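Colleague: Contents of coords-v2.pdb (PDB, C-alpha atoms) are below:
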```
ATOM      1  CA  MET A 204       0.000   0.000   0.000
ATOM      2  CA  PRO A 205       2.433   2.705  -1.188
ATOM      3  CA  ILE A 206       2.182   6.359  -0.284
ATOM      4  CA  VAL A 207       2.439   8.141  -3.638
ATOM      5  CA  PRO A 208       4.331  11.458  -3.701
ATOM      6  CA  LEU A 209       3.770  12.408  -7.337
ATOM      7  CA  PRO A 210       0.509  12.668  -9.323
ATOM      8  CA  GLU A 211       2.254  11.551 -12.540
ATOM      9  CA  ARG A 212       1.810   7.945 -11.432
ATOM     10  CA  VAL A 213      -1.958   8.249 -11.284
ATOM     11  CA  ARG A 214      -4.116   6.356 -13.755
ATOM     12  CA  ALA A 215      -7.594   7.668 -14.476
ATOM     13  CA  PHE A 216     -10.742   6.974 -16.461
ATOM     14  CA  GLU A 217     -10.447   7.913 -20.140
ATOM     15  CA  LEU A 218     -13.094   8.031 -22.854
ATOM     16  CA  ASP A 219     -12.622   5.213 -25.366
ATOM     17  CA  PRO A 220     -12.637   6.272 -29.049
ATOM     18  CA  ALA A 221     -12.956   2.633 -30.167
ATOM     19  CA  MET A 222     -16.675   2.295 -29.428
ATOM     20  CA  PRO A 223     -19.876   4.387 -29.610
ATOM     21  CA  SER A 224     -20.143   6.879 -26.769
ATOM     22  CA  GLY A 225     -23.521   5.575 -25.614
ATOM     23  CA  ALA A 226     -22.093   2.057 -25.239
ATOM     24  CA  LEU A 227     -19.254   3.029 -22.901
ATOM     25  CA  PRO A 228     -19.574   1.325 -19.475
ATOM     26  CA  ILE A 229     -20.967   3.607 -16.738
ATOM     27  CA  PHE A 230     -20.744   6.612 -19.057
ATOM     28  CA  GLY A 231     -23.595   5.539 -21.330
ATOM     29  CA  GLU A 232     -25.835   4.625 -18.404
ATOM     30  CA  TYR A 233     -25.022   7.934 -16.723
ATOM     31  CA  LEU A 234     -26.144   9.839 -19.822
ATOM     32  CA  ASP A 235     -29.400   7.883 -19.884
ATOM     33  CA  ARG A 236     -30.102   8.673 -16.228
ATOM     34  CA  LEU A 237     -29.236  12.346 -16.645
ATOM     35  CA  GLY A 238     -31.537  12.635 -19.656
ATOM     36  CA  ASP A 239     -34.401  10.700 -18.057
ATOM     37  CA  THR A 240     -37.584  12.818 -18.050
ATOM     38  CA  ALA A 241     -39.692  10.644 -15.740
ATOM     39  CA  ASN A 242     -38.983  12.635 -12.577
ATOM     40  CA  ARG A 243     -39.373  15.902 -14.482
ATOM     41  CA  ARG A 244     -42.818  14.918 -15.754
ATOM     42  CA  LEU A 245     -43.890  13.834 -12.261
ATOM     43  CA  VAL A 246     -42.852  17.116 -10.605
ATOM     44  CA  ALA A 247     -44.276  19.274 -13.396
ATOM     45  CA  GLY A 248     -47.570  17.345 -13.271
ATOM     46  CA  PHE A 249     -47.831  17.762  -9.504
ATOM     47  CA  PHE A 250     -47.326  21.521  -9.652
ATOM     48  CA  LEU A 251     -49.764  21.829 -12.555
ATOM     49  CA  VAL A 252     -52.493  19.964 -10.682
ATOM     50  CA  PHE A 253     -51.743  21.864  -7.474
ATOM     51  CA  GLY A 254     -51.935  25.238  -9.244
ATOM     52  CA  ILE A 255     -55.248  24.358 -10.872
ATOM     53  CA  ALA A 256     -56.596  23.191  -7.501
ATOM     54  CA  GLN A 257     -55.679  26.557  -6.004
ATOM     55  CA  PHE A 258     -57.607  28.383  -8.713
ATOM     56  CA  VAL A 259     -60.667  26.163  -8.229
ATOM     57  CA  ALA A 260     -60.541  26.492  -4.437
ATOM     58  CA  GLY A 261     -60.495  30.284  -4.649
ATOM     59  CA  ALA A 262     -56.928  30.876  -3.460
ATOM     60  CA  GLY A 263     -56.732  34.012  -5.596
ATOM     61  CA  VAL A 264     -54.356  34.652  -8.479
ATOM     62  CA  ALA A 265     -50.963  35.380  -6.941
ATOM     63  CA  LEU A 266     -50.461  31.989  -5.274
ATOM     64  CA  PRO A 267     -51.337  29.843  -8.336
ATOM     65  CA  VAL A 268     -49.167  32.070 -10.514
ATOM     66  CA  GLY A 269     -46.319  31.631  -8.007
ATOM     67  CA  THR A 270     -46.847  27.861  -8.162
ATOM     68  CA  PHE A 271     -46.626  27.852 -11.944
ATOM     69  CA  ALA A 272     -43.534  30.099 -11.822
ATOM     70  CA  LEU A 273     -41.783  27.737  -9.407
ATOM     71  CA  ALA A 274     -42.690  24.758 -11.575
ATOM     72  CA  GLY A 275     -41.442  26.604 -14.661
ATOM     73  CA  SER A 276     -38.097  27.407 -13.061
ATOM     74  CA  ILE A 277     -37.564  23.765 -12.078
ATOM     75  CA  GLU A 278     -38.541  22.624 -15.576
ATOM     76  CA  ALA A 279     -36.188  25.180 -17.150
ATOM     77  CA  TRP A 280     -33.296  23.977 -14.995
ATOM     78  CA  TRP A 281     -33.826  20.353 -16.019
ATOM     79  CA  HIS A 282     -34.042  21.329 -19.684
ATOM     80  CA  TYR A 283     -30.802  23.303 -19.386
ATOM     81  CA  ARG A 284     -29.013  20.411 -17.651
ATOM     82  CA  ALA A 285     -30.100  17.986 -20.364
ATOM     83  CA  TYR A 286     -29.182  20.438 -23.141
ATOM     84  CA  ALA A 287     -25.750  21.277 -21.716
ATOM     85  CA  HIS A 288     -24.584  17.786 -20.712
ATOM     86  CA  VAL A 289     -26.541  15.104 -22.627
ATOM     87  CA  PRO A 290     -25.851  14.487 -26.339
ATOM     88  CA  GLU A 291     -28.644  13.862 -28.793
ATOM     89  CA  THR A 292     -29.485  10.213 -29.489
ATOM     90  CA  ARG A 293     -27.719  10.250 -32.856
ATOM     91  CA  LEU A 294     -24.455  11.331 -31.186
ATOM     92  CA  LYS A 295     -24.569   8.405 -28.783
ATOM     93  CA  ARG A 296     -23.993   6.174 -31.817
ATOM     94  CA  GLU A 297     -20.771   8.031 -32.636
ATOM     95  CA  ALA A 298     -17.351   7.649 -31.031
ATOM     96  CA  PHE A 299     -15.237  10.288 -29.326
ATOM     97  CA  ARG A 300     -12.140  11.630 -31.032
ATOM     98  CA  ARG A 301      -9.134  12.711 -29.021
ATOM     99  CA  VAL A 302      -7.544  16.131 -29.496
ATOM    100  CA  ASP A 303      -4.069  16.735 -28.059
ATOM    101  CA  ILE A 304      -3.408  20.374 -27.156
ATOM    102  CA  THR A 305      -0.222  22.000 -28.403
ATOM    103  CA  ALA A 306       1.999  24.172 -26.221
ATOM    104  CA  ASP A 307       0.363  27.412 -27.449
ATOM    105  CA  GLY A 308      -3.066  25.956 -28.173
ATOM    106  CA  LEU A 309      -4.806  26.651 -24.864
ATOM    107  CA  VAL A 310      -6.140  30.086 -23.902
ATOM    108  CA  ALA A 311      -8.854  31.419 -21.624
ATOM    109  CA  ALA A 312     -10.986  34.531 -21.243
ATOM    110  CA  GLY A 313     -12.725  34.307 -17.890
ATOM    111  CA  ARG A 314     -14.562  30.979 -17.784
ATOM    112  CA  THR A 315     -14.420  30.517 -21.558
ATOM    113  CA  VAL A 316     -11.552  28.249 -22.580
ATOM    114  CA  GLY A 317     -10.233  28.127 -26.133
ATOM    115  CA  VAL A 318      -8.538  25.025 -27.580
ATOM    116  CA  ARG A 319      -6.881  25.172 -30.994
ATOM    117  CA  LEU A 320      -7.929  22.209 -33.119
ATOM    118  CA  PRO A 321      -5.696  20.430 -35.656
ATOM    119  CA  ASP A 322      -7.486  22.191 -38.565
ATOM    120  CA  GLY A 323      -6.679  25.638 -37.132
ATOM    121  CA  ARG A 324     -10.130  26.413 -35.777
ATOM    122  CA  TRP A 325     -10.823  27.020 -32.099
ATOM    123  CA  LEU A 326     -13.014  25.142 -29.675
ATOM    124  CA  ARG A 327     -14.731  27.361 -27.113
ATOM    125  CA  VAL A 328     -16.098  25.777 -23.928
ATOM    126  CA  ARG A 329     -17.052  27.200 -20.539
ATOM    127  CA  LEU A 330     -15.231  25.542 -17.644
ATOM    128  CA  ASP A 331     -14.918  26.276 -13.964
ATOM    129  CA  GLU A 332     -11.497  26.715 -12.399
ATOM    130  CA  ALA A 333     -10.944  23.063 -11.474
ATOM    131  CA  HIS A 334     -11.679  21.728 -14.959
ATOM    132  CA  ARG A 335      -9.666  24.529 -16.579
ATOM    133  CA  LEU A 336      -6.675  23.453 -14.461
ATOM    134  CA  LEU A 337      -7.360  19.831 -15.414
ATOM    135  CA  VAL A 338      -7.188  20.621 -19.138
ATOM    136  CA  ALA A 339      -4.068  22.743 -18.619
ATOM    137  CA  GLY A 340      -2.345  19.891 -16.795
ATOM    138  CA  HIS A 341      -3.269  17.001 -19.097
ATOM    139  CA  ARG A 342      -3.407  18.874 -22.434
ATOM    140  CA  ARG A 343      -6.096  16.788 -24.106
ATOM    141  CA  VAL A 344      -9.841  16.755 -24.651
ATOM    142  CA  TRP A 345     -12.309  14.440 -26.388
ATOM    143  CA  LEU A 346     -14.868  15.710 -28.914
ATOM    144  CA  LEU A 347     -18.234  14.199 -29.770
ATOM    145  CA  GLY A 348     -19.986  15.512 -32.878
ATOM    146  CA  ARG A 349     -18.855  16.901 -36.222
ATOM    147  CA  GLY A 350     -20.614  20.250 -36.677
ATOM    148  CA  PRO A 351     -19.951  23.655 -35.153
ATOM    149  CA  LYS A 352     -21.745  22.443 -31.997
ATOM    150  CA  VAL A 353     -19.980  19.590 -30.218
ATOM    151  CA  PHE A 354     -19.703  17.991 -26.791
ATOM    152  CA  VAL A 355     -16.403  17.958 -24.903
ATOM    153  CA  GLY A 356     -15.140  15.229 -22.591
ATOM    154  CA  LEU A 357     -12.229  15.587 -20.156
ATOM    155  CA  SER A 358      -9.776  13.178 -18.552
ATOM    156  CA  GLY A 359     -11.082  11.408 -15.461
ATOM    157  CA  VAL A 360     -14.514  13.058 -15.716
ATOM    158  CA  VAL A 361     -17.823  11.543 -16.842
ATOM    159  CA  ARG A 362     -19.838  14.722 -17.366
ATOM    160  CA  LEU A 363     -19.760  16.310 -20.827
ATOM    161  CA  ARG A 364     -19.843  20.005 -21.747
ATOM    162  CA  ARG A 365     -21.552  21.509 -24.772
ATOM    163  CA  ALA A 366     -19.156  23.639 -26.802
ATOM    164  CA  HIS A 367     -18.872  25.526 -30.100
ATOM    165  CA  ILE A 368     -16.177  25.649 -32.772
ATOM    166  CA  HIS A 369     -15.158  29.075 -34.122
ATOM    167  CA  ASP A 370     -12.564  30.419 -36.506
ATOM    168  CA  ALA A 371     -10.835  32.477 -33.792
ATOM    169  CA  PRO A 372     -10.031  32.115 -30.073
ATOM    170  CA  PRO A 373     -12.222  33.844 -27.451
ATOM    171  CA  PRO A 374     -11.803  37.640 -27.514
ATOM    172  CA  GLY A 375      -9.293  38.853 -24.960
ATOM    173  CA  ALA A 376      -8.046  35.344 -24.199
ATOM    174  CA  VAL A 377      -4.626  34.793 -22.637
ATOM    175  CA  PRO A 378      -2.492  31.613 -22.517
ATOM    176  CA  VAL A 379      -3.264  29.178 -19.718
ATOM    177  CA  PRO A 380      -0.129  28.029 -17.859
ATOM    178  CA  GLU A 381       0.304  24.479 -16.642
ATOM    179  CA  PRO A 382      -0.672  24.201 -12.958
ATOM    180  CA  ALA A 383       1.860  23.284 -10.323
ATOM    181  CA  GLY A 384       1.481  19.627  -9.429
ATOM    182  CA  SER A 385       1.261  18.334  -5.878
ATOM    183  CA  GLY A 386       1.064  14.893  -4.328
ATOM    184  CA  SER A 387      -0.729  16.313  -1.289
ATOM    185  CA  PRO A 388      -4.551  16.407  -1.081
ATOM    186  CA  ARG A 389      -4.249  19.595   0.982
ATOM    187  CA  LEU A 390      -2.143  21.357  -1.677
ATOM    188  CA  ASP A 391      -3.664  19.847  -4.830
ATOM    189  CA  PRO A 392      -4.793  22.906  -6.874
ATOM    190  CA  VAL A 393      -7.348  20.976  -8.937
ATOM    191  CA  LEU A 394      -8.939  19.317  -5.928
ATOM    192  CA  THR A 395      -8.951  22.576  -3.942
ATOM    193  CA  ALA A 396     -10.684  24.429  -6.780
ATOM    194  CA  HIS A 397     -13.154  21.550  -7.111
ATOM    195  CA  ARG A 398     -14.038  21.716  -3.427
ATOM    196  CA  ARG A 399     -14.630  25.455  -3.714
ATOM    197  CA  GLN A 400     -16.990  24.820  -6.634
ATOM    198  CA  LEU A 401     -18.825  22.142  -4.645
ATOM    199  CA  ALA A 402     -19.218  24.651  -1.807
ATOM    200  CA  ARG A 403     -20.727  27.202  -4.216
ATOM    201  CA  ASP A 404     -23.106  24.585  -5.620
ATOM    202  CA  LEU A 405     -24.193  23.618  -2.113
ATOM    203  CA  ARG A 406     -24.837  27.260  -1.215
ATOM    204  CA  ALA A 407     -27.012  27.586  -4.315
ATOM    205  CA  THR A 408     -28.913  24.445  -3.269
ATOM    206  CA  ALA A 409     -29.397  25.867   0.232
ATOM    207  CA  ALA A 410     -30.759  29.100  -1.262
ATOM    208  CA  PHE A 411     -33.240  27.140  -3.395
ATOM    209  CA  LEU A 412     -34.389  25.154  -0.354
ATOM    210  CA  LEU A 413     -34.969  28.438   1.470
ATOM    211  CA  VAL A 414     -37.112  29.579  -1.462
ATOM    212  CA  LEU A 415     -39.100  26.350  -1.181
ATOM    213  CA  ALA A 416     -39.528  26.887   2.569
ATOM    214  CA  GLY A 417     -40.783  30.424   1.947
ATOM    215  CA  PHE A 418     -43.149  29.182  -0.741
ATOM    216  CA  ALA A 419     -44.495  26.529   1.638
ATOM    217  CA  ALA A 420     -45.184  29.192   4.266
ATOM    218  CA  TRP A 421     -47.017  31.249   1.635
ATOM    219  CA  VAL A 422     -49.147  28.241   0.688
ATOM    220  CA  ALA A 423     -49.936  27.492   4.352
ATOM    221  CA  LEU A 424     -51.104  31.051   5.004
ATOM    222  CA  ASP A 425     -53.112  31.577   1.784
ATOM    223  CA  PHE A 426     -54.395  28.027   1.264
ATOM    224  CA  PRO A 427     -55.203  26.711   4.767
ATOM    225  CA  VAL A 428     -56.810  23.492   3.553
ATOM    226  CA  VAL A 429     -53.292  22.075   2.958
ATOM    227  CA  GLY A 430     -51.672  24.065   5.770
ATOM    228  CA  TRP A 431     -50.485  21.043   7.745
ATOM    229  CA  ALA A 432     -48.736  19.538   4.711
ATOM    230  CA  ALA A 433     -47.256  22.904   3.700
ATOM    231  CA  TRP A 434     -45.831  23.589   7.172
ATOM    232  CA  THR A 435     -44.352  20.088   7.301
ATOM    233  CA  PHE A 436     -42.804  20.492   3.865
ATOM    234  CA  GLY A 437     -41.488  23.950   4.759
ATOM    235  CA  ALA A 438     -39.885  22.693   7.959
ATOM    236  CA  GLY A 439     -38.185  19.895   6.048
ATOM    237  CA  ALA A 440     -36.912  22.327   3.411
ATOM    238  CA  LEU A 441     -35.600  24.646   6.124
ATOM    239  CA  LEU A 442     -33.748  21.849   7.903
ATOM    240  CA  GLY A 443     -32.392  20.661   4.562
ATOM    241  CA  ALA A 444     -31.110  24.158   3.774
ATOM    242  CA  LEU A 445     -29.323  24.291   7.133
ATOM    243  CA  ALA A 446     -27.702  20.883   6.595
ATOM    244  CA  VAL A 447     -26.580  21.771   3.068
ATOM    245  CA  ALA A 448     -25.196  25.133   4.222
ATOM    246  CA  LEU A 449     -23.110  23.391   6.893
ATOM    247  CA  ARG A 450     -21.767  20.977   4.261
ATOM    248  CA  SER A 451     -20.814  23.930   2.061
ATOM    249  CA  PHE A 452     -18.598  25.338   4.818
ATOM    250  CA  ALA A 453     -16.850  21.965   5.157
ATOM    251  CA  HIS A 454     -16.215  21.786   1.391
ATOM    252  CA  GLY A 455     -14.871  25.330   1.336
ATOM    253  CA  ARG A 456     -11.743  24.229   3.208
ATOM    254  CA  PRO A 457      -8.925  22.138   1.675
ATOM    255  CA  LEU A 458      -8.579  18.526   2.751
ATOM    256  CA  PRO A 459      -6.291  18.289   5.809
ATOM    257  CA  ALA A 460      -4.390  15.192   4.640
ATOM    258  CA  ASP A 461      -0.828  15.630   3.352
ATOM    259  CA  HIS A 462      -0.534  12.438   1.303
ATOM    260  CA  TRP A 463      -2.523   9.975  -0.769
ATOM    261  CA  THR A 464      -2.633   6.252  -0.066
ATOM    262  CA  GLU A 465      -3.216   3.934  -3.024
ATOM    263  CA  LEU A 466      -5.291   0.790  -2.453
ATOM    264  CA  ARG A 467      -6.178  -1.961  -4.886
ATOM    265  CA  ALA A 468      -9.923  -2.237  -5.408
ATOM    266  CA  VAL A 469     -11.769  -5.333  -6.592
ATOM    267  CA  LEU A 470     -15.449  -4.730  -7.308
ATOM    268  CA  ASP A 471     -17.932  -7.400  -6.273
ATOM    269  CA  GLY A 472     -20.342  -6.536  -9.086
ATOM    270  CA  PRO A 473     -21.203  -3.914 -11.683
ATOM    271  CA  VAL A 474     -21.588  -0.250 -10.824
ATOM    272  CA  ARG A 475     -25.269   0.556 -10.275
ATOM    273  CA  MET A 476     -26.703   3.919 -11.272
ATOM    274  CA  SER A 477     -29.641   5.539  -9.482
ATOM    275  CA  ARG A 478     -32.428   7.410 -11.250
ATOM    276  CA  ARG A 479     -30.850  10.687 -10.118
ATOM    277  CA  GLY A 480     -27.507   9.903 -11.738
ATOM    278  CA  SER A 481     -25.482   8.941  -8.658
ATOM    279  CA  ALA A 482     -23.545   5.658  -8.575
ATOM    280  CA  ARG A 483     -23.386   2.822  -6.073
ATOM    281  CA  LEU A 484     -20.508   0.353  -5.933
ATOM    282  CA  SER A 485     -18.810  -1.973  -3.475
ATOM    283  CA  GLY A 486     -15.969  -4.461  -3.323
ATOM    284  CA  LEU A 487     -12.851  -5.532  -1.439
ATOM    285  CA  THR A 488      -9.564  -3.809  -0.647
ATOM    286  CA  MET A 489      -6.513  -4.446   1.573
ATOM    287  CA  LEU A 490      -5.269  -2.219   4.417
ATOM    288  CA  ALA A 491      -1.669  -1.734   5.552
ATOM    289  CA  ASP A 492      -1.819  -4.533   8.121
ATOM    290  CA  GLY A 493      -2.817  -7.050   5.459
ATOM    291  CA  ARG A 494      -6.487  -7.194   6.349
ATOM    292  CA  VAL A 495      -8.863  -7.581   3.427
ATOM    293  CA  VAL A 496     -11.886  -5.417   4.139
ATOM    294  CA  PRO A 497     -15.003  -4.543   2.180
ATOM    295  CA  PHE A 498     -15.537  -1.030   0.880
ATOM    296  CA  ARG A 499     -18.651   0.692  -0.405
ATOM    297  CA  LEU A 500     -19.647   3.985  -1.915
ATOM    298  CA  PRO A 501     -23.436   4.114  -1.513
ATOM    299  CA  LYS A 502     -23.910   7.469  -3.275
ATOM    300  CA  ALA A 503     -20.888   8.276  -5.396
ATOM    301  CA  ASP A 504     -20.193  10.810  -8.095
ATOM    302  CA  PRO A 505     -20.294   8.841 -11.405
ATOM    303  CA  SER A 506     -16.778  10.119 -12.167
ATOM    304  CA  MET A 507     -15.562   8.592  -8.904
ATOM    305  CA  ALA A 508     -17.196   5.269  -9.772
ATOM    306  CA  ALA A 509     -15.822   5.307 -13.323
ATOM    307  CA  ASN A 510     -12.269   5.902 -12.100
ATOM    308  CA  ILE A 511     -12.409   3.071  -9.561
ATOM    309  CA  ALA A 512     -13.947   0.659 -12.069
ATOM    310  CA  ALA A 513     -11.546   1.572 -14.885
ATOM    311  CA  THR A 514      -8.297   1.541 -12.884
ATOM    312  CA  GLY A 515      -8.927  -0.902 -10.030
ATOM    313  CA  ARG A 516      -7.522   1.700  -7.638
ATOM    314  CA  LEU A 517      -8.957   3.434  -4.598
ATOM    315  CA  TRP A 518      -7.146   6.605  -3.476
ATOM    316  CA  ILE A 519      -7.553   7.565   0.187
ATOM    317  CA  ALA A 520      -6.671  11.034   1.496
ATOM    318  CA  GLY A 521      -4.349  10.233   4.405
ATOM    319  CA  ALA A 522      -3.979   6.890   6.150
ATOM    320  CA  PRO A 523      -6.966   4.572   5.662
ATOM    321  CA  THR A 524      -8.732   3.255   8.740
ATOM    322  CA  PRO A 525     -12.040   1.405   9.127
ATOM    323  CA  GLY A 526     -14.993   3.743   8.783
ATOM    324  CA  ALA A 527     -15.644   6.735   6.552
ATOM    325  CA  ALA A 528     -12.715   8.142   4.570
ATOM    326  CA  LYS A 529     -12.266  10.773   1.888
ATOM    327  CA  THR A 530     -11.449   9.354  -1.518
ATOM    328  CA  GLY A 531     -10.582  11.008  -4.803
ATOM    329  CA  VAL A 532      -8.127  10.900  -7.685
ATOM    330  CA  PRO A 533      -4.901  12.932  -7.295
ATOM    331  CA  GLY A 534      -4.837  15.824  -9.759
ATOM    332  CA  TYR A 535      -8.451  15.381 -10.887
ATOM    333  CA  PRO A 536     -11.715  17.110  -9.842
ATOM    334  CA  VAL A 537     -13.084  13.869  -8.401
ATOM    335  CA  LEU A 538     -14.042  13.451  -4.758
ATOM    336  CA  GLY A 539     -16.193  11.173  -2.619
ATOM    337  CA  THR A 540     -16.630   9.355   0.669
ATOM    338  CA  VAL A 541     -15.890   5.639   0.979
ATOM    339  CA  TRP A 542     -16.800   3.333   3.859
ATOM    340  CA  LEU A 543     -14.078   0.837   4.773
ATOM    341  CA  GLY A 544     -14.806  -2.278   6.784
TER     342      GLY A 544
END
```
Translate this structure into structure tokens?
Modeller:
Amino acid sequence: MPIVPLPERVRAFELDPAMPSGALPIFGEYLDRLGDTANRRLVAGFFLVFGIAQFVAGAGVALPVGTFALAGSIEAWWHYRAYAHVPETRLKREAFRRVDITADGLVAAGRTVGVRLPDGRWLRVRLDEAHRLLVAGHRRVWLLGRGPKVFVGLSGVVRLRRAHIHDAPPPGAVPVPEPAGSGSPRLDPVLTAHRRQLARDLRATAAFLLVLAGFAAWVALDFPVVGWAAWTFGAGALLGALAVALRSFAHGRPLPADHWTELRAVLDGPVRMSRRGSARLSGLTMLADGRVVPFRLPKADPSMAANIAATGRLWIAGAPTPGAAKTGVPGYPVLGTVWLG
């Protein structure tokens, strides 16, 4: 169980250009779950029926309109997520093609990253800081699609990004330097930036839950017939917002561990994807004292699951002990919690 000082030794999940994108293990199933509209139809139908019931019951105009507005915002978010990250069905029958980035072929203007393609044109894709550092460090991307609108895949990451191809780089773009590597989880620039992004996402989730709690209070006051259910829902949303906000503070700090520990991982079955797009996997690994112990990730990021399945490696931040431990991939925006023993 070696302690690895350098991230250059790290293997990671890579998109395979030898087979259709939709047939790739874990990746294809993840796309199907992310593009599934069953939950969206259920939520939209509930809000539609609830808004109509408010009109019929004489709840006025403002409350039903607020219900439809909330439903519309949720629907718009799901449509955007599917549009930005899920290829059309025809593209799932095509394979990825790898593009290696030349020394002067990577620039950025804010969050917009430009990659010079072999034909001289420029790919423009919006990336957060962690994924921009990832591209700068590994100097390669994968493209899916042939027109001016394509999808971009990155090393070690399952989620795709919609991008466009232009004749010129982004206006005002400057070269992106290669990030300084580190074998320490605490000092890893990619992982630190990824944790900051997770903290921002959690704060946004907490804000949305607060909106739901406020909406529930509005419903309880203006539509008393469902007051008991509205107050219960509002209390749950409020508690959820508090829990998520506390998690955001924890993610805003770097991991305290100063080294990674590499463990061999043998899965006891296929990776299972939930309807919400999270992954579940389990298997066996060996600790420093020679004990073979089970491990499980009951609700893992699909990128985390894909890396474990593809490489047969489990990276622990610090020294592994039975119980919960932080896991990730050194130098990649991949993070999770594994249970050992």
Colleague: CA of Leu405 (chain A) and CA of Ala420 (chain A), how far apart in Å?
Modeller: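 Calculated distance between CA of Ala420 (chain A) and CA of Leu405 (chain A) is 22.6 Å.
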Colleague: Glu291 (chain A): which residues within 12 Å, counting only C-alpha atoms, same-chain residues fewer than 2 positions away excluded, as a VMD selection string?
Modeller: chain A and resid 224 to 225 234 to 235 238 285 to 289 293 to 297 347 to 348 352 to 354 365
Colleague: Go through the shown structure with the PyMOL selection byres ((chain A and resi 322) around 12) and write out the matching residues as number ranges by chain.
Modeller: A: 302, 308, 318-321, 323-326, 368-371
Colleague: Separation of CA of Leu466 (chain A) and CA of Arg516 (chain A), in Å?
Modeller: 5.7 Å
Colleague: Here's a test: counting all atoms listed in the file, identify every protein, DNA and RNA residue with an atom at most 12 Å from (-18.7, 25.6, 4.9) in the file's coordinate frame, and state them as a PyMOL selection string.
Modeller: chain A and resi 398-406+409+445-457
Colleague: Can those selected residues be exported to a file as an mmCIF file, in the coordinates of the input so that it contains C-alpha atoms?
Modeller:
```cif
data_model
loop_
_atom_site.group_PDB
_atom_site.id
_atom_site.type_symbol
_atom_site.label_atom_id
_atom_site.label_comp_id
_atom_site.auth_asym_id
_atom_site.auth_seq_id
_atom_site.Cartn_x
_atom_site.Cartn_y
_atom_site.Cartn_z
ATOM 1 C CA ARG A 398 -14.038 21.716 -3.427
ATOM 2 C CA ARG A 399 -14.630 25.455 -3.714
ATOM 3 C CA GLN A 400 -16.990 24.820 -6.634
ATOM 4 C CA LEU A 401 -18.825 22.142 -4.645
ATOM 5 C CA ALA A 402 -19.218 24.651 -1.807
ATOM 6 C CA ARG A 403 -20.727 27.202 -4.216
ATOM 7 C CA ASP A 404 -23.106 24.585 -5.620
ATOM 8 C CA LEU A 405 -24.193 23.618 -2.113
ATOM 9 C CA ARG A 406 -24.837 27.260 -1.215
ATOM 10 C CA ALA A 409 -29.397 25.867 0.232
ATOM 11 C CA LEU A 445 -29.323 24.291 7.133
ATOM 12 C CA ALA A 446 -27.702 20.883 6.595
ATOM 13 C CA VAL A 447 -26.580 21.771 3.068
ATOM 14 C CA ALA A 448 -25.196 25.133 4.222
ATOM 15 C CA LEU A 449 -23.110 23.391 6.893
ATOM 16 C CA ARG A 450 -21.767 20.977 4.261
ATOM 17 C CA SER A 451 -20.814 23.930 2.061
ATOM 18 C CA PHE A 452 -18.598 25.338 4.818
ATOM 19 C CA ALA A 453 -16.850 21.965 5.157
ATOM 20 C CA HIS A 454 -16.215 21.786 1.391
ATOM 21 C CA GLY A 455 -14.871 25.330 1.336
ATOM 22 C CA ARG A 456 -11.743 24.229 3.208
ATOM 23 C CA PRO A 457 -8.925 22.138 1.675
#
```
Colleague: Which residues, named as in the file, does the PyMOL selection byres ((chain A and resi 375-379) around 12) pick out? Answer as a short mmCIF file (atom, residue, chain, number, x, y, z; two decimals) with C-alpha atoms, in the coordinates of the input.
Modeller:
```
data_model
loop_
_atom_site.label_atom_id
_atom_site.label_comp_id
_atom_site.auth_asym_id
_atom_site.auth_seq_id
_atom_site.Cartn_x
_atom_site.Cartn_y
_atom_site.Cartn_z
CA ILE A 304 -3.41 20.37 -27.16
CA THR A 305 -0.22 22.00 -28.40
CA ALA A 306 2.00 24.17 -26.22
CA ASP A 307 0.36 27.41 -27.45
CA GLY A 308 -3.07 25.96 -28.17
CA LEU A 309 -4.81 26.65 -24.86
CA VAL A 310 -6.14 30.09 -23.90
CA ALA A 311 -8.85 31.42 -21.62
CA ALA A 312 -10.99 34.53 -21.24
CA GLY A 313 -12.72 34.31 -17.89
CA ARG A 314 -14.56 30.98 -17.78
CA THR A 315 -14.42 30.52 -21.56
CA VAL A 316 -11.55 28.25 -22.58
CA GLY A 317 -10.23 28.13 -26.13
CA VAL A 318 -8.54 25.02 -27.58
CA ARG A 319 -6.88 25.17 -30.99
CA TRP A 325 -10.82 27.02 -32.10
CA ARG A 327 -14.73 27.36 -27.11
CA GLU A 332 -11.50 26.72 -12.40
CA ARG A 335 -9.67 24.53 -16.58
CA LEU A 336 -6.68 23.45 -14.46
CA LEU A 337 -7.36 19.83 -15.41
CA VAL A 338 -7.19 20.62 -19.14
CA ALA A 339 -4.07 22.74 -18.62
CA GLY A 340 -2.35 19.89 -16.80
CA ARG A 342 -3.41 18.87 -22.43
CA ALA A 371 -10.84 32.48 -33.79
CA PRO A 372 -10.03 32.12 -30.07
CA PRO A 373 -12.22 33.84 -27.45
CA PRO A 374 -11.80 37.64 -27.51
CA PRO A 380 -0.13 28.03 -17.86
CA GLU A 381 0.30 24.48 -16.64
CA PRO A 382 -0.67 24.20 -12.96
#
```
Colleague: Excluding region 474-478 of chain A and residues on its chain fewer than 4 positions from it, collect all residues at most 9 Å away from it, counting all atoms listed in the file, and give them as a list of chain:residue names.
Modeller: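 Listing them by chain and then by number gives A:Ile229, A:Glu232, A:Tyr233, A:Arg236, A:Leu237, A:Asp239, A:Asn242, A:Leu470, A:Ala482, A:Arg483, A:Leu484, A:Ser485, A:Lys502, A:Pro505, A:Ala508, A:Ala509, A:Ala512.
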Colleague: Mind giving me the straight-line distance from CA of Pro523 (chain A) to CA of Ala333 (chain A) in Å, one decimal?
Modeller: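 Atom-to-atom, CA of Pro523 (chain A) and CA of Ala333 (chain A) are spaced 25.5 Å apart.
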